[in-house]
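Working notes, structure below.
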Amino acid sequence: MRVELAPIAPELLLVGAGIAVLLGGVLARRADPLAHLAVSLAGVAGAAAASVMLWSREGATALAGAVAVDRFGVVARLVLLGVAALALLLAHHTLARDGELRPEVPALILFATAGMTLLAVSADLVTTFVALEVLSLSLYVLTGSSRRLVSLEGAMKYFLLGAFSTAFFLYGVAMAYGATGTTSLGGIAHALAGRTETPALALVAMALLAVGFGFKVSAAPFHMWTPDAYQGAPTAVTAFMSAGTKVAAFAALLRVLDVALQPLGWDWGPVVAGLAAVSVVVGSVLAIAQTDVKRMLAYSSVAHAGFVLIGATAPGAPGIDAALFYLLAYALMIVGAFGVVSLVSQGERGTSLEDHAGLYRRSPVLAGLFALFLLSLAGIPPTAGFIAKVSVFRAAVEAGHWWLALVGVLASVVAAFAYIRLMVLMYMREPVGHREPDPSPVPRLVLAIPAAGTLLLGVLPGLVTDVLGKAAVLRW
Amino acid sequence: MSVPIGWFLAVSAALFATGTVGVLVRRNALVMFMSVELQLNGVNLALVAFSRLHGDLTGQVLTFFSLVVAAAEVVVGLAIIVAVFRRARTANVDELSELRW
């Protein structure tokens, strides 16, 4: 039997680069961390090239049905690899500055990325489960990688709730297997489509999978770990996991909803709509109550999970298209926002709202970048966040969920208050204390990439609609 | 004479529910983590039972995946809990309150 490895070549390259960095850390202890960064970035670039090569191979599953080879997977992988590259650069700089850079950090980021990209292409619930765990286990360790107590506490809370959610997810897989006799997404859909009445086991499976995915995408009411993990983790790691986990978990969720559970559309529609409505409201309202920027962005990520779910309530291509665009825009703006925070703060200090007061006086460039990302998070034109919100709302309205779009618009207005309050602090208040932001120019150049992306997608969304339109087809 | 599938599922659900309640009511990180393992064992029992019901091996294979992943989780989880205990001298999640909103 011939096993074709091209469909998982990106994951193999990422894991290979990760192992090389780990071995390098052990064998060449005095090696320059720049060498680790170079190997890691080479791995990510190789993985991106390997993904692009799969673009023309529309339409198959590989490795005995374990992974899908489709354009949706290619786009999701490229977004994730972009996030990983930015995170590697940011982590290299900020962790070296704080004296916390070890070779394990880039290696774990690569392993987590491999888990994320595999999650985005998994066509079988077994693969989904393994990929989910590869990414989660790497992220638990990364969260606690700084050895400060807040970081360890965040890691422990993240770990306990993450393991708890994994159990629900796996029980859901078991129920789906019990109801249909298979774990492949296409097989489950096939087995469910042939029945006149829905088996109770399938509904139990749907509910348990929704809980498991709800935790991973941090949708309310399963978001309790999000603020603790995001605040505790080193900020560059937060940037990575906030964007990466969400993109990967949503890619897998869209596959499960639109392929495996497609015959149960009438049953999961209200569940997803309910989760979406609760998430946007809870995330937006609690974001206002925060005094720490990282916690505020964490609650905003709960709200953004809700917005993606609003898009996902529309079945089929329009919903997938809108959700993909939202995920792309979200990845750009949240990496950028946490990236700015990682330069303003140092270690666990300097992340409060007060510490950002008068940022414009101290560093106009950082203040400008942060303002752009905040405007995008708030969904104000001409940024990617605006186009993304419009597209998910349009998808929801066209699917008949106009009330959901209404809730989303109202929640955006509430959340905008939190973002604009921070901008007022940055531009109109005098600086408090003597903390100066990181003066290095290189990370600012790195942050210019997501900033350019945010603006470009906001002004010319047509650049990617063609690609996303071709990618918004899920068959397995 | 064979035991009907429902009985297996009842035991599996009881294990899973015990684990869930354990995570929710206990406050010691180690006990919470043990409760998660109980949940996973409930899942494994369900998988093996379904595997026999359907007469194919997918469920049993998945059980092995779940065992391996649970073992990896133990390694990472205990490392984190030990690291926290060394720093804070407690493994009680309520006493760890650096992170509050």
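Identifiers in this document derive from the order of the structure tokens: chains are assigned A, B, ..., residues are numbered from 1 separately in each chain, and ligands are numbered from 1 in order of occurrence.
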
Please, which residues in chain B fall within 8 Å of chain A when counting only C-alpha atoms, and what is the closest atom pair and distance in Å to one decimal for each, ordered by chain then residue number, as a tab-separated table?
```
residue	atom	partner	partner_atom	distance
B:Thr20	CA	A:Phe164	CA	7.9
B:Val23	CA	A:Phe164	CA	7.7
B:Ala29	CA	A:Leu160	CA	7.6
B:Met32	CA	A:Leu160	CA	7.4
B:Phe33	CA	A:Leu160	CA	6.6
B:Val36	CA	A:Phe164	CA	5.8
B:Gln39	CA	A:Ala167	CA	6.1
B:Leu40	CA	A:Ala167	CA	5.6
B:Val43	CA	A:Tyr171	CA	5.2
B:Ala46	CA	A:Ala174	CA	6.5
B:Leu47	CA	A:Ala174	CA	5.4
B:Phe50	CA	A:Gly178	CA	5.3
B:Ser51	CA	A:Gly178	CA	7.9
B:His54	CA	A:Gly181	CA	6.1
B:Thr58	CA	A:Thr182	CA	7.3
B:Gly59	CA	A:Tyr177	CA	7.5
B:Leu62	CA	A:Val126	CA	6.7
B:Phe65	CA	A:Val130	CA	7.6
B:Val69	CA	A:Glu133	CA	7.1
B:Glu73	CA	A:Leu137	CA	6.9
B:Val76	CA	A:Leu137	CA	6.9
B:Gly77	CA	A:Phe159	CA	6.7
B:Ile80	CA	A:Met156	CA	6.1
B:Ile81	CA	A:Met156	CA	6.5
B:Ala83	CA	A:Leu152	CA	7.1
B:Val84	CA	A:Leu152	CA	5.8
B:Arg87	CA	A:Leu149	CA	6.6
B:Ala88	CA	A:Leu149	CA	7.4
B:Val93	CA	A:Lys157	CA	7.8
B:Leu96	CA	A:Glu153	CA	6.9
B:Glu98	CA	A:Val150	CA	5.9
B:Leu99	CA	A:Asp228	CA	6.0
B:Arg100	CA	A:Asp228	CA	7.7
B:Trp101	CA	A:Gln290	CA	6.6
```

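Using only C-alpha atoms for every distance, the candidate list A:Ala84, A:Ala378, A:Val259, A:Val464 yields A:Val259 as the residue closest to Leu192 of chain A.
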
_Applying 12 Å and only C-alpha atoms, which residues near Val44 of chain A remain after dropping the ones on its own chain fewer than 5 positions away? List them as a ChimeraX atom specification._
/A:9-18,37-39,49-51,77-89,106-107,109-114,117

Dump as a compact mmCIF listing (two decimals), in the first residue's frame, selection limited to N, CA, C and O atoms:
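Final output, result.txt:
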```
# COMPACT_ATOMS: atom_id res chain seq x y z
N ALA A 9 1.99 17.22 4.30
CA ALA A 9 3.35 17.75 4.25
C ALA A 9 3.52 19.00 5.13
O ALA A 9 4.55 19.13 5.82
N PRO A 10 2.53 19.93 5.16
CA PRO A 10 2.74 21.11 6.02
C PRO A 10 2.95 20.73 7.48
O PRO A 10 3.84 21.27 8.14
N GLU A 11 2.15 19.77 7.97
CA GLU A 11 2.28 19.37 9.38
C GLU A 11 3.64 18.69 9.61
O GLU A 11 4.30 18.92 10.63
N LEU A 12 4.05 17.84 8.64
CA LEU A 12 5.34 17.15 8.81
C LEU A 12 6.48 18.16 8.87
O LEU A 12 7.40 18.02 9.69
N LEU A 13 6.41 19.19 8.00
CA LEU A 13 7.48 20.20 8.01
C LEU A 13 7.50 20.97 9.32
O LEU A 13 8.58 21.25 9.87
N LEU A 14 6.31 21.31 9.83
CA LEU A 14 6.25 22.06 11.09
C LEU A 14 6.81 21.24 12.24
O LEU A 14 7.62 21.72 13.04
N VAL A 15 6.38 19.98 12.33
CA VAL A 15 6.86 19.14 13.42
C VAL A 15 8.35 18.89 13.27
O VAL A 15 9.11 18.93 14.25
N GLY A 16 8.81 18.70 12.01
CA GLY A 16 10.23 18.49 11.78
C GLY A 16 11.05 19.69 12.24
O GLY A 16 12.06 19.54 12.94
N ALA A 17 10.60 20.90 11.88
CA ALA A 17 11.31 22.10 12.32
C ALA A 17 11.30 22.20 13.84
O ALA A 17 12.30 22.57 14.46
N GLY A 18 10.15 21.84 14.45
CA GLY A 18 10.06 21.90 15.92
C GLY A 18 11.05 20.96 16.57
O GLY A 18 11.74 21.33 17.54
N LEU A 37 15.10 30.86 15.62
CA LEU A 37 14.07 31.61 14.92
C LEU A 37 14.12 31.32 13.43
O LEU A 37 13.08 31.10 12.78
N ALA A 38 15.36 31.28 12.89
CA ALA A 38 15.50 31.06 11.44
C ALA A 38 14.97 29.69 11.05
O ALA A 38 14.21 29.56 10.07
N VAL A 39 15.31 28.65 11.84
CA VAL A 39 14.82 27.30 11.52
C VAL A 39 13.29 27.27 11.62
O VAL A 39 12.60 26.71 10.76
N ALA A 49 4.42 26.83 1.65
CA ALA A 49 4.62 26.43 0.26
C ALA A 49 3.93 25.09 -0.01
O ALA A 49 3.24 24.92 -1.03
N ALA A 50 4.07 24.15 0.93
CA ALA A 50 3.44 22.83 0.76
C ALA A 50 1.92 22.95 0.73
O ALA A 50 1.24 22.19 0.02
N SER A 51 1.38 23.90 1.50
CA SER A 51 -0.08 24.09 1.49
C SER A 51 -0.54 24.64 0.15
O SER A 51 -1.55 24.19 -0.40
N ARG A 77 -5.08 26.94 6.55
CA ARG A 77 -3.68 26.70 6.90
C ARG A 77 -2.84 27.95 6.69
O ARG A 77 -2.00 28.28 7.53
N LEU A 78 -3.06 28.65 5.56
CA LEU A 78 -2.23 29.83 5.29
C LEU A 78 -2.47 30.90 6.35
O LEU A 78 -1.52 31.56 6.79
N VAL A 79 -3.73 31.09 6.76
CA VAL A 79 -4.00 32.07 7.82
C VAL A 79 -3.24 31.67 9.08
O VAL A 79 -2.57 32.49 9.73
N LEU A 80 -3.33 30.38 9.45
CA LEU A 80 -2.69 29.90 10.67
C LEU A 80 -1.17 30.05 10.60
O LEU A 80 -0.52 30.43 11.58
N LEU A 81 -0.60 29.75 9.42
CA LEU A 81 0.86 29.85 9.29
C LEU A 81 1.30 31.30 9.36
O LEU A 81 2.37 31.61 9.92
N GLY A 82 0.49 32.21 8.80
CA GLY A 82 0.80 33.63 8.93
C GLY A 82 0.82 34.05 10.39
O GLY A 82 1.74 34.75 10.85
N VAL A 83 -0.21 33.61 11.13
CA VAL A 83 -0.27 33.92 12.56
C VAL A 83 0.96 33.38 13.26
O VAL A 83 1.60 34.07 14.08
N ALA A 84 1.36 32.14 12.91
CA ALA A 84 2.50 31.52 13.58
C ALA A 84 3.78 32.31 13.29
O ALA A 84 4.59 32.53 14.20
N ALA A 85 3.96 32.75 12.04
CA ALA A 85 5.17 33.50 11.70
C ALA A 85 5.25 34.79 12.50
O ALA A 85 6.29 35.13 13.09
N LEU A 86 4.12 35.53 12.56
CA LEU A 86 4.11 36.78 13.32
C LEU A 86 4.39 36.50 14.80
O LEU A 86 5.16 37.22 15.45
N ALA A 87 3.78 35.43 15.33
CA ALA A 87 3.96 35.12 16.74
C ALA A 87 5.40 34.74 17.05
O ALA A 87 5.95 35.12 18.08
N LEU A 88 6.02 33.98 16.13
CA LEU A 88 7.42 33.59 16.36
C LEU A 88 8.31 34.83 16.44
O LEU A 88 9.17 34.94 17.32
N LEU A 89 8.09 35.78 15.51
CA LEU A 89 8.90 36.99 15.52
C LEU A 89 8.68 37.80 16.79
O LEU A 89 9.63 38.26 17.43
N PRO A 106 9.86 28.50 20.70
CA PRO A 106 9.56 28.35 19.27
C PRO A 106 9.16 26.92 18.91
O PRO A 106 8.27 26.72 18.06
N ALA A 107 9.78 25.92 19.57
CA ALA A 107 9.42 24.53 19.26
C ALA A 107 7.95 24.27 19.58
O ALA A 107 7.21 23.69 18.77
N ILE A 109 5.58 26.49 19.82
CA ILE A 109 4.72 27.24 18.89
C ILE A 109 4.57 26.45 17.59
O ILE A 109 3.46 26.35 17.03
N LEU A 110 5.66 25.82 17.12
CA LEU A 110 5.58 25.03 15.89
C LEU A 110 4.68 23.80 16.09
O LEU A 110 3.85 23.48 15.22
N PHE A 111 4.81 23.12 17.23
CA PHE A 111 3.96 21.94 17.48
C PHE A 111 2.49 22.37 17.54
O PHE A 111 1.61 21.71 16.98
N ALA A 112 2.23 23.46 18.25
CA ALA A 112 0.85 23.94 18.35
C ALA A 112 0.32 24.30 16.96
O ALA A 112 -0.84 23.98 16.63
N THR A 113 1.17 24.92 16.13
CA THR A 113 0.73 25.28 14.78
C THR A 113 0.40 24.02 13.97
O THR A 113 -0.58 24.00 13.22
N ALA A 114 1.25 22.98 14.13
CA ALA A 114 0.96 21.74 13.42
C ALA A 114 -0.40 21.18 13.85
O ALA A 114 -1.19 20.72 13.02
N THR A 117 -3.13 23.40 12.17
CA THR A 117 -3.36 23.19 10.73
C THR A 117 -3.99 21.82 10.50
O THR A 117 -4.85 21.66 9.64
```

*Output as a VMD selection string all residues of chain B that backbone DSSP marks as alpha helix (DSSP H).*
chain B and resid 5 to 25 29 to 54 58 to 88

*Could you give me, as a list in words, the residues within 12 Å of Glu197 of chain A, counting only C-alpha atoms and dropping anything in the same chain fewer than 4 positions from it?*
Ala191, Leu192, Ala193, Leu201, Ala202, Leu203, Pro263, Leu264 and Asp267 of chain A

*Could you please determine the separation between atom CA of Leu185 of chain A and atom CA of Ala123 of chain A in Å, to one decimal place?*
5.7 Å

*asked:* I want to know what sits within 8 Å of Ala396 of chain A, based on only C-alpha atoms, with residues of the same chain fewer than 6 positions away left out; could you give that as a ChimeraX atom specification?
replied: /A:310-311,313-314,319,402,404-405

Generate a file of the selected residues that holds N, CA, C and O atoms, formatted as an mmCIF file, in the first residue's frame.
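Produced file result06.cif, reproduced below:
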```cif
data_model
loop_
_atom_site.group_PDB
_atom_site.id
_atom_site.type_symbol
_atom_site.label_atom_id
_atom_site.label_comp_id
_atom_site.auth_asym_id
_atom_site.auth_seq_id
_atom_site.Cartn_x
_atom_site.Cartn_y
_atom_site.Cartn_z
ATOM 1 N N ILE A 310 -22.349 33.786 14.465
ATOM 2 C CA ILE A 310 -23.479 34.383 13.745
ATOM 3 C C ILE A 310 -23.364 34.046 12.261
ATOM 4 O O ILE A 310 -24.336 33.660 11.614
ATOM 5 N N GLY A 311 -22.138 34.161 11.732
ATOM 6 C CA GLY A 311 -21.938 33.805 10.333
ATOM 7 C C GLY A 311 -22.187 32.322 10.097
ATOM 8 O O GLY A 311 -22.755 31.926 9.085
ATOM 9 N N THR A 313 -24.272 30.405 11.461
ATOM 10 C CA THR A 313 -25.670 29.953 11.491
ATOM 11 C C THR A 313 -26.239 29.845 10.083
ATOM 12 O O THR A 313 -27.220 29.148 9.871
ATOM 13 N N ALA A 314 -25.644 30.582 9.138
ATOM 14 C CA ALA A 314 -26.103 30.461 7.756
ATOM 15 C C ALA A 314 -25.532 29.180 7.173
ATOM 16 O O ALA A 314 -24.316 29.025 7.111
ATOM 17 N N GLY A 319 -22.433 31.065 4.593
ATOM 18 C CA GLY A 319 -21.991 31.098 5.979
ATOM 19 C C GLY A 319 -20.504 30.831 6.101
ATOM 20 O O GLY A 319 -19.792 31.506 6.852
ATOM 21 N N TRP A 402 -32.599 37.370 11.204
ATOM 22 C CA TRP A 402 -32.404 38.804 11.308
ATOM 23 C C TRP A 402 -32.267 39.246 12.758
ATOM 24 O O TRP A 402 -31.550 40.181 13.085
ATOM 25 N N LEU A 404 -30.737 37.785 15.083
ATOM 26 C CA LEU A 404 -29.369 37.547 15.521
ATOM 27 C C LEU A 404 -28.468 38.690 15.058
ATOM 28 O O LEU A 404 -27.611 39.178 15.801
ATOM 29 N N ALA A 405 -28.679 39.138 13.816
ATOM 30 C CA ALA A 405 -27.907 40.264 13.301
ATOM 31 C C ALA A 405 -28.173 41.499 14.147
ATOM 32 O O ALA A 405 -27.260 42.271 14.452
#
```

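Counting only C-alpha atoms, the residue from B:Ala49, B:Val61, B:Val82, B:Val68 that sits nearest to Phe8 of chain B is B:Ala49.
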
Give me every strand (DSSP E or B) residue in segment 11-91 of chain A, going by DSSP on the backbone, as a short mmCIF file (atom, residue, chain, number, x, y, z; two decimals) with N, CA and C atoms, in the first residue's frame.
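Final output, saved to out_23.cif:
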```cif
data_model
loop_
_atom_site.label_atom_id
_atom_site.label_comp_id
_atom_site.auth_asym_id
_atom_site.auth_seq_id
_atom_site.Cartn_x
_atom_site.Cartn_y
_atom_site.Cartn_z
N ALA A 60 -10.62 15.54 -2.45
CA ALA A 60 -10.35 14.17 -2.01
C ALA A 60 -10.12 14.16 -0.52
N THR A 61 -10.15 12.98 0.06
CA THR A 61 -9.61 12.82 1.39
C THR A 61 -8.39 11.93 1.25
N ALA A 62 -7.47 12.07 2.18
CA ALA A 62 -6.24 11.29 2.10
C ALA A 62 -6.00 10.54 3.39
N VAL A 67 -7.65 13.00 6.60
CA VAL A 67 -7.53 14.44 6.35
C VAL A 67 -8.16 14.79 5.01
N ALA A 68 -8.72 16.01 4.96
CA ALA A 68 -9.34 16.48 3.74
C ALA A 68 -8.32 17.23 2.90
N VAL A 69 -8.40 17.09 1.60
CA VAL A 69 -7.57 17.89 0.71
C VAL A 69 -8.52 18.82 -0.02
#
```

Env of Met423 of chain A: 12 Å cut, atoms = only C-alpha atoms, seq-sep filter 5 positions within chain, self excluded. Answer as a PDB file with N, CA and C atoms, in the first residue's frame.
```pdb
ATOM      1  N   VAL A 293      -5.812  45.482  30.036  1.00  0.00           N
ATOM      2  CA  VAL A 293      -6.016  45.457  28.585  1.00  0.00           C
ATOM      3  C   VAL A 293      -6.091  44.019  28.063  1.00  0.00           C
ATOM      4  N   LEU A 353      -5.106  49.344  32.006  1.00  0.00           N
ATOM      5  CA  LEU A 353      -5.559  50.446  31.154  1.00  0.00           C
ATOM      6  C   LEU A 353      -4.739  51.701  31.454  1.00  0.00           C
ATOM      7  N   GLU A 354      -4.490  51.957  32.755  1.00  0.00           N
ATOM      8  CA  GLU A 354      -3.725  53.134  33.167  1.00  0.00           C
ATOM      9  C   GLU A 354      -2.358  53.183  32.477  1.00  0.00           C
ATOM     10  N   HIS A 356      -1.608  52.421  29.670  1.00  0.00           N
ATOM     11  CA  HIS A 356      -1.692  52.848  28.280  1.00  0.00           C
ATOM     12  C   HIS A 356      -2.079  54.318  28.156  1.00  0.00           C
ATOM     13  N   ALA A 357      -2.291  54.966  29.298  1.00  0.00           N
ATOM     14  CA  ALA A 357      -2.652  56.384  29.248  1.00  0.00           C
ATOM     15  C   ALA A 357      -1.495  57.188  28.650  1.00  0.00           C
ATOM     16  N   GLY A 358      -1.840  58.068  27.744  1.00  0.00           N
ATOM     17  CA  GLY A 358      -0.813  58.920  27.148  1.00  0.00           C
ATOM     18  C   GLY A 358       0.187  58.185  26.283  1.00  0.00           C
ATOM     19  N   LEU A 359      -0.186  57.040  25.766  1.00  0.00           N
ATOM     20  CA  LEU A 359       0.742  56.282  24.929  1.00  0.00           C
ATOM     21  C   LEU A 359       1.169  57.101  23.710  1.00  0.00           C
ATOM     22  N   TYR A 360       0.251  57.961  23.243  1.00  0.00           N
ATOM     23  CA  TYR A 360       0.554  58.770  22.056  1.00  0.00           C
ATOM     24  C   TYR A 360       1.780  59.659  22.273  1.00  0.00           C
ATOM     25  N   LEU A 366       3.263  53.287  18.096  1.00  0.00           N
ATOM     26  CA  LEU A 366       2.506  52.222  18.764  1.00  0.00           C
ATOM     27  C   LEU A 366       1.066  52.648  18.984  1.00  0.00           C
ATOM     28  N   ALA A 367       0.869  53.915  19.385  1.00  0.00           N
ATOM     29  CA  ALA A 367      -0.494  54.389  19.618  1.00  0.00           C
ATOM     30  C   ALA A 367      -1.299  54.324  18.325  1.00  0.00           C
ATOM     31  N   GLY A 368      -0.654  54.703  17.218  1.00  0.00           N
ATOM     32  CA  GLY A 368      -1.360  54.675  15.939  1.00  0.00           C
ATOM     33  C   GLY A 368      -1.728  53.262  15.538  1.00  0.00           C
ATOM     34  N   LEU A 369      -0.771  52.323  15.690  1.00  0.00           N
ATOM     35  CA  LEU A 369      -1.051  50.937  15.340  1.00  0.00           C
ATOM     36  C   LEU A 369      -2.191  50.387  16.208  1.00  0.00           C
ATOM     37  N   PHE A 370      -2.104  50.649  17.532  1.00  0.00           N
ATOM     38  CA  PHE A 370      -3.115  50.126  18.440  1.00  0.00           C
ATOM     39  C   PHE A 370      -4.481  50.709  18.088  1.00  0.00           C
ATOM     40  N   ALA A 371      -4.503  52.012  17.765  1.00  0.00           N
ATOM     41  CA  ALA A 371      -5.777  52.636  17.420  1.00  0.00           C
ATOM     42  C   ALA A 371      -6.399  51.954  16.202  1.00  0.00           C
ATOM     43  N   LEU A 372      -5.555  51.636  15.216  1.00  0.00           N
ATOM     44  CA  LEU A 372      -6.059  50.975  14.015  1.00  0.00           C
ATOM     45  C   LEU A 372      -6.661  49.612  14.365  1.00  0.00           C
ATOM     46  N   PHE A 373      -5.932  48.821  15.181  1.00  0.00           N
ATOM     47  CA  PHE A 373      -6.440  47.494  15.541  1.00  0.00           C
ATOM     48  C   PHE A 373      -7.720  47.599  16.373  1.00  0.00           C
ATOM     49  N   LEU A 374      -7.770  48.607  17.262  1.00  0.00           N
ATOM     50  CA  LEU A 374      -8.970  48.754  18.088  1.00  0.00           C
ATOM     51  C   LEU A 374     -10.166  49.159  17.234  1.00  0.00           C
ATOM     52  N   LEU A 375      -9.935  50.058  16.262  1.00  0.00           N
ATOM     53  CA  LEU A 375     -11.035  50.455  15.373  1.00  0.00           C
ATOM     54  C   LEU A 375     -11.546  49.233  14.611  1.00  0.00           C
ATOM     55  N   ALA A 378     -13.557  47.073  16.834  1.00  0.00           N
ATOM     56  CA  ALA A 378     -14.868  47.676  17.062  1.00  0.00           C
ATOM     57  C   ALA A 378     -15.743  47.591  15.818  1.00  0.00           C
ATOM     58  N   ALA A 416     -17.957  48.760  21.363  1.00  0.00           N
ATOM     59  CA  ALA A 416     -17.195  49.893  20.841  1.00  0.00           C
ATOM     60  C   ALA A 416     -16.810  50.834  21.968  1.00  0.00           C
ATOM     61  N   PHE A 417     -17.660  50.911  23.004  1.00  0.00           N
ATOM     62  CA  PHE A 417     -17.356  51.781  24.135  1.00  0.00           C
ATOM     63  C   PHE A 417     -16.027  51.400  24.778  1.00  0.00           C
ATOM     64  N   ALA A 418     -15.826  50.089  24.964  1.00  0.00           N
ATOM     65  CA  ALA A 418     -14.587  49.631  25.602  1.00  0.00           C
ATOM     66  C   ALA A 418     -13.369  50.010  24.775  1.00  0.00           C
ATOM     67  N   MET A 428      -5.709  61.227  24.787  1.00  0.00           N
ATOM     68  CA  MET A 428      -6.145  62.472  25.421  1.00  0.00           C
ATOM     69  C   MET A 428      -5.746  62.593  26.880  1.00  0.00           C
ATOM     70  N   ARG A 429      -5.017  61.587  27.402  1.00  0.00           N
ATOM     71  CA  ARG A 429      -4.628  61.693  28.802  1.00  0.00           C
ATOM     72  C   ARG A 429      -3.121  61.827  28.916  1.00  0.00           C
TER      73      ARG A 429
END
```

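All residues of protein, DNA or RNA that reach within 9 Å of Arg475 of chain A, judged by only C-alpha atoms and not counting those fewer than 5 positions away in the chain, are Gly59, Ala68, Asp70, Gly186, Arg255, Asp258 and Val259 of chain A.
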
*So what do you get for atom CA of Leu324 of chain A versus atom CA of Val392 of chain A, distance-wise?*
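That distance, rounded to one decimal, is 9.6 Å.
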
*asked:* I need the residue nearest Ser12 of chain B from this list: B:Asn44, B:Ser66, B:Asn92, B:Asn28. Use only C-alpha atoms for the distance.
replied: B:Asn44
